[in-house]
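Chemist: Sharing final23.cif here; it has mmCIF, C-alpha atoms.
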data_model
loop_
_atom_site.label_atom_id
_atom_site.label_comp_id
_atom_site.auth_asym_id
_atom_site.auth_seq_id
_atom_site.Cartn_x
_atom_site.Cartn_y
_atom_site.Cartn_z
CA MET A 16 6.84 2.09 -5.21
CA THR A 17 8.45 3.41 -2.10
CA ASN A 18 12.09 4.33 -2.49
CA LEU A 19 13.76 3.14 0.67
CA ALA A 20 17.23 4.36 -0.19
CA VAL A 21 16.55 8.05 0.00
CA SER A 22 14.81 10.37 2.40
CA PRO A 23 11.19 11.20 1.58
CA PRO A 24 10.94 13.69 -1.27
CA GLN A 25 9.93 17.23 -0.46
CA LYS A 26 6.27 17.89 -1.09
CA VAL A 27 5.94 19.62 -4.42
CA GLU A 28 2.89 21.71 -5.11
CA ARG A 29 1.23 20.49 -8.28
CA SER A 30 -0.86 22.55 -10.64
CA GLU A 31 -4.53 21.78 -11.04
CA ASN A 32 -3.91 20.28 -14.46
CA GLU A 33 -1.25 17.99 -13.06
CA ILE A 34 -3.60 16.88 -10.30
CA LEU A 35 -6.35 16.19 -12.83
CA THR A 36 -3.96 14.20 -15.01
CA GLY A 37 -2.99 12.11 -11.98
CA LEU A 38 -6.64 11.50 -11.15
CA GLN A 39 -7.19 10.26 -14.68
CA GLN A 40 -4.25 7.90 -14.52
CA THR A 41 -5.17 6.11 -11.31
CA VAL A 42 -8.62 5.46 -9.94
CA SER A 43 -9.81 3.87 -6.71
CA ALA A 44 -13.30 2.82 -5.71
CA SER A 45 -13.66 5.72 -3.31
CA ARG A 46 -12.59 8.27 -5.95
CA LEU A 47 -14.94 6.94 -8.59
CA THR A 48 -17.82 6.58 -6.15
CA LEU A 49 -17.39 10.12 -4.92
CA PHE A 50 -17.20 11.48 -8.46
CA LEU A 51 -20.45 9.72 -9.33
CA GLN A 52 -22.04 10.90 -6.09
CA CYS A 53 -21.15 14.59 -6.45
CA ARG A 54 -18.57 16.01 -8.82
CA LEU A 55 -18.19 19.21 -6.85
CA LYS A 56 -17.48 17.27 -3.66
CA PHE A 57 -14.93 15.26 -5.61
CA TYR A 58 -13.36 18.52 -6.80
CA TYR A 59 -13.17 19.96 -3.31
CA ARG A 60 -11.68 16.81 -1.84
CA TYR A 61 -9.30 15.53 -4.51
CA VAL A 62 -8.42 18.59 -6.58
CA LEU A 63 -8.57 21.53 -4.18
CA LYS A 64 -7.89 19.23 -1.21
CA LEU A 65 -9.77 21.51 1.15
CA PRO A 66 -8.76 20.58 4.69
CA LYS A 67 -11.57 19.44 6.94
CA PRO A 68 -11.55 18.21 10.54
CA LYS A 69 -11.64 14.46 10.86
CA PRO A 70 -15.12 13.34 11.85
CA ALA A 71 -15.58 10.97 14.78
CA SER A 72 -17.26 8.39 12.55
CA LEU A 73 -14.12 8.16 10.41
CA HIS A 74 -11.99 7.66 13.48
CA VAL A 75 -14.30 4.86 14.65
CA GLY A 76 -14.25 3.22 11.22
CA ASN A 77 -10.46 3.39 11.02
CA VAL A 78 -9.99 1.90 14.45
CA VAL A 79 -12.42 -0.93 13.71
CA HIS A 80 -10.56 -1.70 10.47
CA ALA A 81 -7.17 -1.66 12.19
CA THR A 82 -8.37 -3.89 15.01
CA LEU A 83 -9.91 -6.44 12.67
CA LYS A 84 -6.77 -6.38 10.57
CA ALA A 85 -4.68 -7.27 13.63
CA TRP A 86 -7.10 -10.05 14.52
CA HIS A 87 -7.03 -11.63 11.05
CA LYS A 88 -3.26 -11.32 10.82
CA ALA A 89 -2.88 -13.11 14.14
CA ARG A 90 -5.32 -15.78 13.04
CA TRP A 91 -3.35 -16.20 9.85
CA ILE A 92 0.01 -16.82 11.43
CA GLY A 93 -1.46 -19.30 13.87
CA THR A 94 -1.44 -17.17 17.02
CA PRO A 95 -5.09 -16.19 17.33
CA LEU A 96 -5.93 -13.31 19.65
CA THR A 97 -7.93 -13.75 22.81
CA LEU A 98 -10.62 -11.20 23.54
CA LYS A 99 -8.13 -9.46 25.82
CA GLY A 100 -5.56 -9.46 22.99
CA LEU A 101 -8.16 -7.98 20.68
CA HIS A 102 -8.87 -5.23 23.19
CA ASP A 103 -5.17 -4.45 23.44
CA GLU A 104 -5.01 -4.09 19.67
CA PHE A 105 -8.10 -1.91 19.79
CA SER A 106 -6.61 0.39 22.44
CA LYS A 107 -3.40 0.72 20.46
CA ALA A 108 -5.30 1.50 17.26
CA TRP A 109 -7.41 4.10 19.06
CA ASP A 110 -4.35 5.88 20.41
CA ASP A 111 -2.46 5.62 17.10
CA GLN A 112 -5.36 7.14 15.20
CA ASN A 113 -5.63 9.92 17.75
CA LYS A 114 -1.95 10.71 17.31
CA GLU A 115 -2.12 10.50 13.52
CA GLU A 116 -5.01 12.92 13.20
CA PRO A 117 -6.77 14.13 16.32
CA VAL A 118 -10.55 14.55 16.45
CA ASP A 119 -12.39 17.31 18.23
CA TRP A 120 -14.41 14.97 20.44
CA GLN A 121 -16.43 17.63 22.23
CA GLY A 122 -16.63 15.40 25.27
CA GLU A 123 -17.86 12.38 23.32
CA GLU A 124 -14.67 10.36 23.10
CA GLU A 125 -15.53 7.78 25.75
CA ASP A 126 -18.95 7.09 24.22
CA GLU A 127 -17.45 6.76 20.75
CA ARG A 128 -14.70 4.56 22.05
CA LEU A 129 -17.20 2.26 23.71
CA THR A 130 -19.23 2.09 20.51
CA ALA A 131 -16.15 1.19 18.48
CA TRP A 132 -15.07 -1.51 20.91
CA ARG A 133 -18.53 -3.04 20.99
CA LEU A 134 -18.43 -3.33 17.20
CA CYS A 135 -15.07 -5.11 17.33
CA GLU A 136 -16.22 -7.43 20.09
CA LEU A 137 -19.42 -8.20 18.22
CA TYR A 138 -17.48 -9.07 15.10
CA TYR A 139 -15.08 -11.22 17.05
CA ARG A 140 -17.95 -13.23 18.49
CA GLN A 141 -20.32 -13.38 15.53
CA SER A 142 -18.38 -13.29 12.28
CA GLY A 143 -17.96 -17.05 12.40
CA PHE A 144 -14.37 -17.22 11.22
CA GLU A 145 -12.68 -20.43 12.24
CA HIS A 146 -9.32 -19.88 13.86
CA ALA A 147 -7.84 -22.67 11.76
CA GLU A 148 -9.12 -21.24 8.49
CA LYS A 149 -6.32 -19.19 7.02
CA PRO A 150 -7.14 -16.01 5.12
CA ASP A 151 -5.93 -15.65 1.53
CA ALA A 152 -5.07 -11.99 2.18
CA VAL A 153 -5.54 -9.34 4.86
CA GLU A 154 -5.60 -5.65 4.06
CA VAL A 155 -3.70 -6.18 0.84
CA PRO A 156 -3.05 -3.41 -1.72
CA VAL A 157 -3.69 -4.49 -5.29
CA GLU A 158 -3.74 -2.77 -8.65
CA THR A 159 -4.40 -3.47 -12.28
CA ASP A 160 -3.72 -1.62 -15.48
CA LEU A 161 -6.79 -1.26 -17.69
CA SER A 162 -5.01 0.65 -20.44
CA SER A 163 -5.81 -2.11 -22.93
CA HIS A 164 -9.45 -1.01 -22.46
CA GLY A 165 -8.53 2.65 -22.80
CA LEU A 166 -9.09 3.02 -19.07
CA PRO A 167 -6.91 4.06 -16.13
CA ARG A 168 -5.03 2.02 -13.58
CA LEU A 169 -7.26 0.70 -10.82
CA ILE A 170 -5.99 0.57 -7.27
CA GLY A 171 -7.53 -0.70 -4.06
CA VAL A 172 -7.01 -2.43 -0.76
CA LEU A 173 -8.90 -5.63 -0.04
CA ASP A 174 -9.89 -5.83 3.64
CA LEU A 175 -9.98 -9.62 3.70
CA VAL A 176 -9.94 -12.48 1.22
CA GLN A 177 -11.00 -15.79 2.68
CA GLN A 178 -11.59 -18.95 0.69
CA ARG A 179 -11.58 -16.83 -2.49
CA LYS A 180 -14.33 -14.61 -1.11
CA ILE A 181 -13.66 -10.89 -1.09
CA ILE A 182 -14.83 -9.41 2.20
CA ASP A 183 -15.22 -5.70 2.91
CA TYR A 184 -16.08 -4.25 6.32
CA LYS A 185 -18.32 -1.25 6.74
CA THR A 186 -19.31 0.70 9.79
CA SER A 187 -22.67 2.37 9.48
CA SER A 188 -25.28 3.95 11.68
CA THR A 189 -28.26 2.32 9.99
CA THR A 190 -29.16 -1.26 9.14
CA PRO A 191 -28.49 -1.87 5.45
CA ASN A 192 -31.02 -3.26 3.04
CA SER A 193 -29.31 -6.06 1.17
CA GLU A 194 -30.71 -5.26 -2.28
CA LYS A 195 -29.97 -1.55 -1.99
CA VAL A 196 -26.52 -2.23 -0.61
CA ALA A 197 -25.68 -4.47 -3.55
CA HIS A 198 -26.57 -1.60 -5.88
CA THR A 199 -25.01 1.28 -3.95
CA HIS A 200 -21.75 -0.60 -3.53
CA GLU A 201 -21.60 -2.07 -7.01
CA VAL A 202 -18.81 0.23 -8.15
CA GLN A 203 -16.64 -0.85 -5.24
CA THR A 204 -17.45 -4.57 -5.43
CA SER A 205 -16.87 -4.64 -9.19
CA ILE A 206 -13.52 -2.88 -8.83
CA TYR A 207 -12.50 -5.32 -6.11
CA ALA A 208 -13.50 -8.28 -8.28
CA ILE A 209 -11.39 -6.98 -11.17
CA LEU A 210 -8.45 -6.33 -8.86
CA PHE A 211 -8.70 -9.76 -7.28
CA ARG A 212 -8.96 -11.59 -10.60
CA GLU A 213 -5.94 -9.82 -11.97
CA ALA A 214 -3.83 -10.19 -8.81
CA ALA A 215 -4.69 -13.80 -7.97
CA SER A 216 -5.29 -15.07 -11.51
CA ILE A 217 -8.51 -16.74 -10.37
CA ARG A 218 -12.15 -15.76 -10.24
CA GLU A 219 -13.62 -14.81 -6.88
CA GLU A 220 -16.08 -17.19 -5.24
CA GLY A 221 -18.21 -14.24 -4.18
CA ILE A 222 -18.15 -10.92 -2.40
CA GLU A 223 -19.39 -10.18 1.12
CA LEU A 224 -20.15 -6.82 2.70
CA HIS A 225 -19.90 -7.00 6.47
CA HIS A 226 -21.78 -4.08 7.95
CA LEU A 227 -21.13 -3.34 11.59
CA VAL A 228 -24.10 -1.27 12.63
CA LYS A 229 -23.70 1.27 15.41
CA LEU A 230 -27.01 0.78 17.16
CA LYS A 231 -27.68 0.74 20.88
CA ASN A 232 -27.43 -3.00 20.50
CA PRO A 233 -24.85 -3.20 17.72
CA LYS A 234 -25.35 -5.79 15.04
CA LEU A 235 -23.55 -7.44 12.20
CA CYS A 236 -25.27 -7.64 8.79
CA ILE A 237 -23.56 -9.77 6.17
CA THR A 238 -24.61 -9.24 2.57
CA GLN A 239 -23.50 -12.04 0.30
CA LEU A 240 -23.04 -11.20 -3.34
CA PRO A 241 -22.26 -13.51 -6.25
CA PRO A 242 -19.13 -13.07 -8.39
CA MET A 243 -19.11 -10.03 -10.63
CA THR A 244 -20.99 -10.63 -13.89
CA ASP A 245 -19.84 -9.52 -17.35
CA SER A 246 -22.66 -7.02 -17.39
CA GLN A 247 -21.47 -5.49 -14.10
CA GLN A 248 -17.99 -5.20 -15.54
CA ASN A 249 -19.40 -3.41 -18.60
CA ARG A 250 -21.30 -1.01 -16.37
CA LEU A 251 -18.16 -0.27 -14.42
CA PHE A 252 -16.19 0.39 -17.59
CA HIS A 253 -18.88 2.81 -18.79
CA LEU A 254 -18.71 4.62 -15.46
CA LEU A 255 -14.94 4.82 -15.73
CA GLU A 256 -15.28 6.32 -19.20
CA ALA A 257 -17.72 8.89 -17.84
CA TYR A 258 -15.25 9.68 -15.07
CA LEU A 259 -12.41 10.25 -17.54
CA GLU A 260 -14.53 12.37 -19.82
CA GLY A 261 -15.94 14.38 -16.91
CA ILE A 262 -12.47 15.21 -15.67
CA ASP A 263 -11.38 16.07 -19.21
CA ARG A 264 -14.22 18.58 -19.41
CA LYS A 265 -13.55 19.78 -15.86
CA ASP A 266 -17.17 19.02 -15.22
CA PHE A 267 -17.45 19.61 -11.50
CA VAL A 268 -21.07 20.58 -10.99
CA PRO A 269 -22.78 19.84 -7.66
CA SER A 270 -25.47 17.19 -7.22
CA PRO A 271 -27.85 18.62 -4.63
CA GLY A 272 -29.73 15.94 -2.75
CA MET A 273 -30.20 14.04 0.47
CA GLY A 274 -26.48 13.49 0.93
CA CYS A 275 -25.82 17.24 1.25
CA ALA A 276 -27.05 17.25 4.85
CA SER A 277 -23.92 15.45 6.04
CA CYS A 278 -21.47 16.84 3.47
CA GLU A 279 -18.39 18.50 4.91
CA PHE A 280 -18.32 20.93 1.99
CA PHE A 281 -21.88 22.17 2.47
CA ASN A 282 -20.84 25.78 3.06
CA GLU A 283 -18.42 25.85 0.14
CA CYS A 284 -21.08 24.36 -2.09
CA ARG A 285 -23.61 27.04 -1.12
CA HIS A 286 -21.23 29.64 -2.51
CA TRP A 287 -20.55 27.79 -5.75
CA ASN A 288 -21.71 29.39 -8.97
CA MET B 27 46.76 31.49 4.64
CA ALA B 28 46.96 28.09 3.03
CA VAL B 29 43.74 26.73 1.54
CA ARG B 30 43.38 22.96 1.51
CA LEU B 31 41.05 21.39 -1.02
CA SER B 32 40.05 17.81 -0.46
CA ALA B 33 38.33 15.83 -3.24
CA ASN B 34 36.94 12.33 -3.24
CA TYR B 35 35.39 10.26 -5.99
CA SER B 36 33.83 6.84 -5.57
CA LYS B 37 31.96 4.52 -7.86
CA LYS B 38 30.03 1.32 -7.19
CA LEU B 39 29.13 -1.09 -9.96
CA GLY B 40 26.78 -4.05 -9.94
CA LEU B 41 28.07 -7.44 -10.99
CA PRO B 42 26.18 -10.56 -12.05
CA GLN B 43 24.44 -12.59 -9.34
CA TYR B 44 23.78 -9.49 -7.24
CA SER B 45 27.46 -8.86 -6.56
CA SER B 46 28.95 -5.44 -6.69
CA HIS B 47 32.32 -3.81 -6.30
CA SER B 48 33.37 -0.29 -5.61
CA PHE B 49 36.45 1.87 -5.65
CA SER B 50 37.13 5.31 -4.36
CA ALA B 51 40.07 7.67 -4.56
CA SER B 52 40.74 10.88 -2.70
CA VAL B 53 43.28 13.61 -2.98
CA GLU B 54 44.15 16.73 -1.03
CA VAL B 55 45.85 19.75 -2.53
CA GLU B 56 46.97 23.04 -1.16
CA LEU B 57 45.91 26.25 -2.90
CA THR B 58 47.30 29.69 -2.55
CA ASP B 59 44.15 31.52 -3.56
CA LEU B 60 40.43 30.91 -3.06
CA ASN B 61 39.86 31.88 -6.68
CA GLN B 62 41.56 28.64 -7.69
CA VAL B 63 38.86 26.47 -6.08
CA GLU B 64 36.52 26.25 -9.04
CA SER B 65 39.12 25.38 -11.65
CA GLU B 66 40.92 23.02 -9.25
CA CYS B 67 37.69 21.18 -8.48
CA GLN B 68 37.09 20.69 -12.17
CA LYS B 69 40.60 19.40 -12.69
CA LEU B 70 40.51 17.06 -9.69
CA TYR B 71 37.11 15.68 -10.61
CA GLN B 72 38.28 14.78 -14.09
CA LEU B 73 41.46 13.28 -12.76
CA LEU B 74 39.79 11.21 -10.07
CA GLN B 75 36.96 10.03 -12.26
CA GLN B 76 39.35 8.99 -14.98
CA SER B 77 41.53 7.12 -12.50
CA VAL B 78 38.64 5.37 -10.77
CA ASP B 79 37.01 4.41 -14.07
CA GLN B 80 40.24 2.96 -15.31
CA GLU B 81 40.76 0.83 -12.21
CA ILE B 82 37.20 -0.29 -11.57
CA GLN B 83 37.12 -2.15 -14.87
CA GLN B 84 39.22 -4.84 -13.19
CA VAL B 85 36.53 -6.92 -11.58
CA GLY B 86 38.93 -9.15 -9.69
CA PHE B 87 37.69 -12.21 -7.82
CA VAL B 88 34.01 -13.03 -8.25
CA PRO B 89 32.94 -16.16 -6.38
CA ASP B 90 31.32 -19.06 -8.19
CA PRO B 91 27.61 -18.76 -7.35
CA LYS B 92 27.29 -22.56 -7.36
CA GLN B 93 29.88 -22.95 -4.63
CA TYR B 94 29.92 -19.76 -2.65
CA GLY B 95 27.90 -19.47 0.56
CA GLN B 96 27.04 -23.15 0.89
CA LYS B 97 28.52 -23.46 4.37
CA GLY B 98 28.39 -21.37 7.49
CA SER B 99 26.00 -20.21 10.16
CA SER B 100 22.79 -18.47 9.29
CA SER B 101 24.12 -15.14 10.50
CA GLY B 102 27.19 -15.62 8.36
CA LEU B 103 25.05 -16.36 5.39
CA ARG B 104 23.03 -13.26 6.00
CA ASN B 105 26.09 -11.12 6.22
CA GLY B 106 27.52 -12.80 3.18
CA PHE B 107 24.45 -12.02 1.17
CA HIS B 108 24.36 -8.47 2.28
CA ARG B 109 27.87 -7.91 1.10
CA ASN B 110 27.67 -9.53 -2.26
CA GLY B 111 24.45 -11.50 -2.61
CA ASN B 112 26.10 -14.78 -3.41
CA ASN B 113 25.09 -17.00 -0.56
CA GLN B 114 22.60 -19.74 -0.08
CA ASN B 115 19.80 -17.38 0.84
CA GLY B 116 20.47 -15.22 -2.12
CA ARG B 117 20.18 -18.14 -4.45
CA GLN B 118 16.60 -18.70 -3.39
CA PHE B 119 15.76 -15.28 -4.75
CA ARG B 120 17.93 -15.35 -7.82
CA VAL B 121 16.28 -14.94 -11.17
CA HIS B 122 17.53 -16.76 -14.24
CA ASN B 123 16.10 -16.84 -17.69
CA GLY B 124 15.06 -20.45 -17.29
CA SER B 125 11.35 -20.92 -16.67
CA GLN B 126 11.85 -22.85 -13.43
CA ASP B 127 13.36 -19.77 -11.77
CA ARG B 128 10.85 -17.27 -13.08
CA TRP B 129 8.90 -15.36 -10.45
CA ALA B 130 5.13 -15.50 -10.54
CA CYS B 131 4.65 -11.88 -9.42
CA THR B 132 5.44 -8.79 -11.49
CA ASP B 133 8.98 -7.64 -12.19
CA GLY B 134 8.28 -4.54 -10.14
CA GLN B 135 7.21 -6.60 -7.13
CA ARG B 136 10.23 -8.88 -7.49
CA GLY B 137 12.55 -5.88 -7.59
CA PHE B 138 10.85 -4.30 -4.60
CA ILE B 139 11.07 -7.48 -2.52
CA LEU B 140 14.77 -7.80 -3.29
CA ARG B 141 15.41 -4.15 -2.57
CA ILE B 142 13.60 -4.08 0.79
CA THR B 143 15.44 -7.25 1.76
CA ASN B 144 18.88 -6.03 0.81
CA GLU B 145 18.58 -2.49 2.05
CA ASN B 146 17.28 -3.57 5.44
CA ASN B 147 19.50 -6.62 5.96
CA LEU B 148 16.48 -8.88 6.25
CA ASP B 149 17.22 -12.57 6.54
CA LYS B 150 16.22 -14.25 3.31
CA GLN B 151 15.62 -17.59 4.94
CA GLU B 152 13.20 -15.95 7.34
CA ILE B 153 11.42 -14.32 4.45
CA GLU B 154 11.20 -17.59 2.61
CA ALA B 155 9.80 -19.14 5.80
CA LEU B 156 7.31 -16.28 6.12
CA ALA B 157 6.05 -16.87 2.59
CA HIS B 158 5.64 -20.56 3.39
CA ARG B 159 3.84 -19.78 6.63
CA LEU B 160 1.42 -17.41 4.91
CA TYR B 161 0.87 -19.27 1.69
CA GLY B 162 2.68 -22.58 1.76
CA LEU B 163 4.72 -21.34 -1.21
CA GLY B 164 8.22 -20.07 -1.83
CA VAL B 165 8.69 -16.37 -2.52
CA LYS B 166 9.11 -16.73 -6.25
CA HIS B 167 5.90 -18.75 -6.56
CA LEU B 168 3.69 -16.09 -5.00
CA ASN B 169 1.11 -14.54 -7.29
CA LYS B 170 0.65 -10.78 -7.47
CA MET B 171 -1.78 -10.56 -4.57
CA GLN B 172 0.38 -12.78 -2.37
CA ALA B 173 3.52 -10.84 -3.27
CA SER B 174 1.76 -7.61 -2.41
CA GLN B 175 0.90 -9.02 1.00
CA LEU B 176 4.48 -10.17 1.50
CA ILE B 177 5.72 -6.67 0.63
CA GLU B 178 3.44 -5.25 3.33
CA GLU B 179 4.92 -7.69 5.83
CA LEU B 180 8.48 -6.89 4.77
CA LEU B 181 7.89 -3.16 5.13
CA THR B 182 6.58 -3.79 8.62
CA LEU B 183 9.60 -5.98 9.42
CA ALA B 184 11.86 -3.20 8.16
CA GLY B 185 10.07 -0.71 10.40
CA LYS B 186 8.63 1.14 7.41
CA PRO B 187 4.97 0.20 7.33
CA ARG B 188 2.82 1.99 4.82
CA GLN B 189 0.55 4.73 6.11
CA SER B 190 -2.83 3.55 7.15
CA ARG B 191 -4.97 3.17 4.04
CA TRP B 192 -7.84 5.05 5.58
CA HIS B 193 -5.78 8.07 6.56
CA GLN B 194 -6.83 10.41 3.79
CA GLN B 195 -10.38 9.35 3.19
CA PRO B 196 -12.44 11.73 5.29
CA GLN B 197 -15.77 10.10 4.61
CA GLN B 198 -18.79 9.93 6.80
CA GLN B 199 -18.62 6.18 6.68
CA ALA B 200 -15.35 4.33 6.56
CA ALA B 201 -15.25 2.11 3.51
#
Turn this file's structure into C-alpha cells for me.
Modeler:
Amino acid sequence: MTNLAVSPPQKVERSENEILTGLQQTVSASRLTLFLQCRLKFYYRYVLKLPKPKPASLHVGNVVHATLKAWHKARWIGTPLTLKGLHDEFSKAWDDQNKEEPVDWQGEEEDERLTAWRLCELYYRQSGFEHAEKPDAVEVPVETDLSSHGLPRLIGVLDLVQQRKIIDYKTSSTTPNSEKVAHTHEVQTSIYAILFREAASIREEGIELHHLVKLKNPKLCITQLPPMTDSQQNRLFHLLEAYLEGIDRKDFVPSPGMGCASCEFFNECRHWN
Amino acid sequence: MAVRLSANYSKKLGLPQYSSHSFSASVEVELTDLNQVESECQKLYQLLQQSVDQEIQQVGFVPDPKQYGQKGSSSGLRNGFHRNGNNQNGRQFRVHNGSQDRWACTDGQRGFILRITNENNLDKQEIEALAHRLYGLGVKHLNKMQASQLIEELLTLAGKPRQSRWHQQPQQQAA
C-alpha cells in the first residue's frame, strides 16, 4: 500500500533475479497474457523494461478509458454528465495523457483525437446505461491471494461492475468475432471473475467485453459472456502454473507469428539467439 | 571559539482508542573543542532518551471514549479527532473485538482507510456519507471491492490519486 507519511522512496535498481521473483509473486491479466503470447516479448517488457515510444493507439485507449471512467463516476454519484461535460472530461484526459507521456504524433494528432472522441460519444449514446442505474464499481483495483493453490497473488483493475456484471472496455481497429473474442480474452475474463468473487464475496452475473471499434463509422460491439465455469478456472490455474515454471526456468524464447508485425520489439527479437 | 551543541529528543506513543501522547526534551551545551562533539552527542542522547522515557510513561488524562466528542460543531469534531481520535466521527471507525464492530474489508484496507483519513485531516462524517452515497452502507460494512473503491476516492480527495492504471502498459490495444 502507498505510504503517505513519507516521501516517495528512491528508485532502487533491482537485479534480474529480484525482478523475476516479483513477477512470480504477483500476476495480472496483461502479464500472463503477454507471457503466453510471446515469452521473449514478456522478457523485454517486464524484465529488461526496454523503453519504447508510446504508440498513438495506446494514447487513444487510455483517453477513452479515462473519459468513460469520469462518465460512470458522475453517473454513480447522481450528477450525470451532459455530452458537453463528457467532452470536457475527454479534453482534460487527452491533455493529461499528453503531459504524462507524450506521443510522437507525426502530424496525426487531430485525426487521432477526433477518432477517440467519436468512440466516447458513440459509447455515451449507445451503451444503454440508465443514468439512474448505479454502478457497483468503477475502475476499481482488486487482488486475491491464490497461495492456497500454490499460485501467486492476482491483481487487476475492473473497468466497470454493473448489476454484478463485469464489464471491460476495449478499443480495437477491427470488428471482433464474438466466439474468437471469448477465447482470446479468456485469461483476462477468468482472472476478473476470480478477483470479483473474492472481493465482493458473490458470483458474477456475467462478463461483457465492450469493443469500441475505430472504423470510419465507429461502432460498439458488446460480447456477453456467462459466468466463469469451473473448467475455465482450472484452465487458468494450469496457465498460471506454466507461467511460474517458465519463469523459474528463465524460458524466454520468442514465438514468431502474425503478431510480430506490430511488435515494438521486432528489431530486438531479430537479433535474439 | 565557543561551540554550541543543541540536542533534542522526542517520542510519540499511541494510546487506546486512537489517542496518542508525545513528549520532547531539548538541551544546549557549550563545548570547548570540536573533538568533543561525538562523545557529547552520545552522552546527551542517552540522557535525553532516558529522561523522556521516564516521563512519557505517565499517560495523564485520557478522555472517556463514551463521553468525549459528543458535542460541538462538525469542524470541532474533525479537529478533535485529528488530535486524539476520540470524537464522534472517530467512533464510527473504531474497531472493537465484538462482532458488531468488525469491518467487512481486510485489515490492510481498514488500516489504510484510517491512515489516509487521519494523515490528510479528512472529515470522517463526509467519508461515512460518501460510503452511503456510493453503496448505501457504512464504511465498516463495505466488502473488499467496495473498500478498494472507497480508498481510490479517498486518495483523490487527499490529492494523491493513484497513477493511471494504463500508464505502463504499452500495448497495441489498450486493455
Chemist: One decimal, in Å: what's the spacing between CA of Pro167 in chain A and CA of Tyr59 in chain A?
Modeler: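 CA of Tyr59 in chain A lies at a distance of 21.4 Å from CA of Pro167 in chain A.
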Chemist: Got a sec to resolve the PyMOL selection byres ((chain A and resi 215-226) around 6) on this structure and send the residues as a PDB file with C-alpha atoms, in the coordinates of the input?
Modeler:
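Output saved as result39.pdb:
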ATOM      1  CA  ARG A 179     -11.580 -16.830  -2.490  1.00  0.00           C
ATOM      2  CA  LYS A 180     -14.330 -14.610  -1.110  1.00  0.00           C
ATOM      3  CA  ILE A 181     -13.660 -10.890  -1.090  1.00  0.00           C
ATOM      4  CA  ILE A 182     -14.830  -9.410   2.200  1.00  0.00           C
ATOM      5  CA  ASP A 183     -15.220  -5.700   2.910  1.00  0.00           C
ATOM      6  CA  TYR A 184     -16.080  -4.250   6.320  1.00  0.00           C
ATOM      7  CA  LYS A 185     -18.320  -1.250   6.740  1.00  0.00           C
ATOM      8  CA  THR A 186     -19.310   0.700   9.790  1.00  0.00           C
ATOM      9  CA  PHE A 211      -8.700  -9.760  -7.280  1.00  0.00           C
ATOM     10  CA  ARG A 212      -8.960 -11.590 -10.600  1.00  0.00           C
ATOM     11  CA  GLU A 213      -5.940  -9.820 -11.970  1.00  0.00           C
ATOM     12  CA  ALA A 214      -3.830 -10.190  -8.810  1.00  0.00           C
ATOM     13  CA  LEU A 227     -21.130  -3.340  11.590  1.00  0.00           C
ATOM     14  CA  VAL A 228     -24.100  -1.270  12.630  1.00  0.00           C
ATOM     15  CA  LEU A 235     -23.550  -7.440  12.200  1.00  0.00           C
ATOM     16  CA  CYS A 236     -25.270  -7.640   8.790  1.00  0.00           C
ATOM     17  CA  ILE A 237     -23.560  -9.770   6.170  1.00  0.00           C
ATOM     18  CA  THR A 238     -24.610  -9.240   2.570  1.00  0.00           C
ATOM     19  CA  GLN A 239     -23.500 -12.040   0.300  1.00  0.00           C
ATOM     20  CA  LEU A 240     -23.040 -11.200  -3.340  1.00  0.00           C
ATOM     21  CA  PRO A 241     -22.260 -13.510  -6.250  1.00  0.00           C
ATOM     22  CA  PRO A 242     -19.130 -13.070  -8.390  1.00  0.00           C
TER      23      PRO A 242
ATOM     24  CA  ASN B 169       1.110 -14.540  -7.290  1.00  0.00           C
ATOM     25  CA  MET B 171      -1.780 -10.560  -4.570  1.00  0.00           C
TER      26      MET B 171
END
Chemist: Specify as a VMD selection string each residue included when the PyMOL selection byres ((chain A) within 8 of (chain B)) is applied to this file.
Modeler: chain A and resid 16 19 to 20 45 67 69 to 70 72 to 73 76 to 77 91 to 92 151 to 157 172 183 to 187 211 214 to 216 277
Chemist: Neighbouring residues of Pro269 in chain A were defined as those with any atom within 6 Å, considering only C-alpha atoms; residues of the same chain fewer than 5 positions away were excluded. Please report them as a VMD selection string.
Modeler: chain A and resid 53 to 55
Chemist: For CA of Ala28 in chain B and CA of Gln72 in chain B, determine how far apart the two atoms are, in Å to one decimal place.
Modeler: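 Distance reported for this atom pair: 23.4 Å.
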Chemist: Do a neighbour search on Asn249 in chain A at 12 Å with all atoms listed in the file, toss out local chain neighbours closer than 5 positions, and write the hits as a ChimeraX atom specification.
Modeler: /A:164,201-202,205-206,209,243-244,254-256
Chemist: Take the residues that were just selected and, keeping C-alpha atoms, output them as a PDB file, in the coordinates of the input.
Modeler:
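Written output follows (selection.pdb):
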ATOM      1  CA  HIS A 164      -9.450  -1.010 -22.460  1.00  0.00           C
ATOM      2  CA  GLU A 201     -21.600  -2.070  -7.010  1.00  0.00           C
ATOM      3  CA  VAL A 202     -18.810   0.230  -8.150  1.00  0.00           C
ATOM      4  CA  SER A 205     -16.870  -4.640  -9.190  1.00  0.00           C
ATOM      5  CA  ILE A 206     -13.520  -2.880  -8.830  1.00  0.00           C
ATOM      6  CA  ILE A 209     -11.390  -6.980 -11.170  1.00  0.00           C
ATOM      7  CA  MET A 243     -19.110 -10.030 -10.630  1.00  0.00           C
ATOM      8  CA  THR A 244     -20.990 -10.630 -13.890  1.00  0.00           C
ATOM      9  CA  LEU A 254     -18.710   4.620 -15.460  1.00  0.00           C
ATOM     10  CA  LEU A 255     -14.940   4.820 -15.730  1.00  0.00           C
ATOM     11  CA  GLU A 256     -15.280   6.320 -19.200  1.00  0.00           C
TER      12      GLU A 256
END
Chemist: Residues within 10 Å of (-25.5, -1.7, 17.2), file coordinates, counting only C-alpha atoms: what are they? Give the list as a list in words.
Modeler: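 Here the neighbourhood of the point contains Thr130, Ala131, Arg133, Leu134, Leu137, Thr186, Ser187, Ser188, Thr189, Thr190, Leu227, Val228, Lys229, Leu230, Lys231, Asn232, Pro233, Lys234 and Leu235 of chain A.
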Chemist: What gap, in Å, lies between CA of Trp132 in chain A and CA of Thr82 in chain A?
Modeler: 9.2 Å
Chemist: For Gln52 in chain A, please output as a list in words all residues within 12 Å (counting only C-alpha atoms; exclusion window: fewer than 4 positions along the same chain).
Modeler: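 Final neighbour list, sorted by chain and number: Ala44, Ser45, Arg46, Leu47, Thr48, Lys56, Phe57, Tyr58, Thr199, His200, Val202, Leu254, Tyr258, Phe267, Val268, Pro269, Ser270, Pro271, Gly272, Met273, Gly274, Cys275 and Cys278 of chain A.
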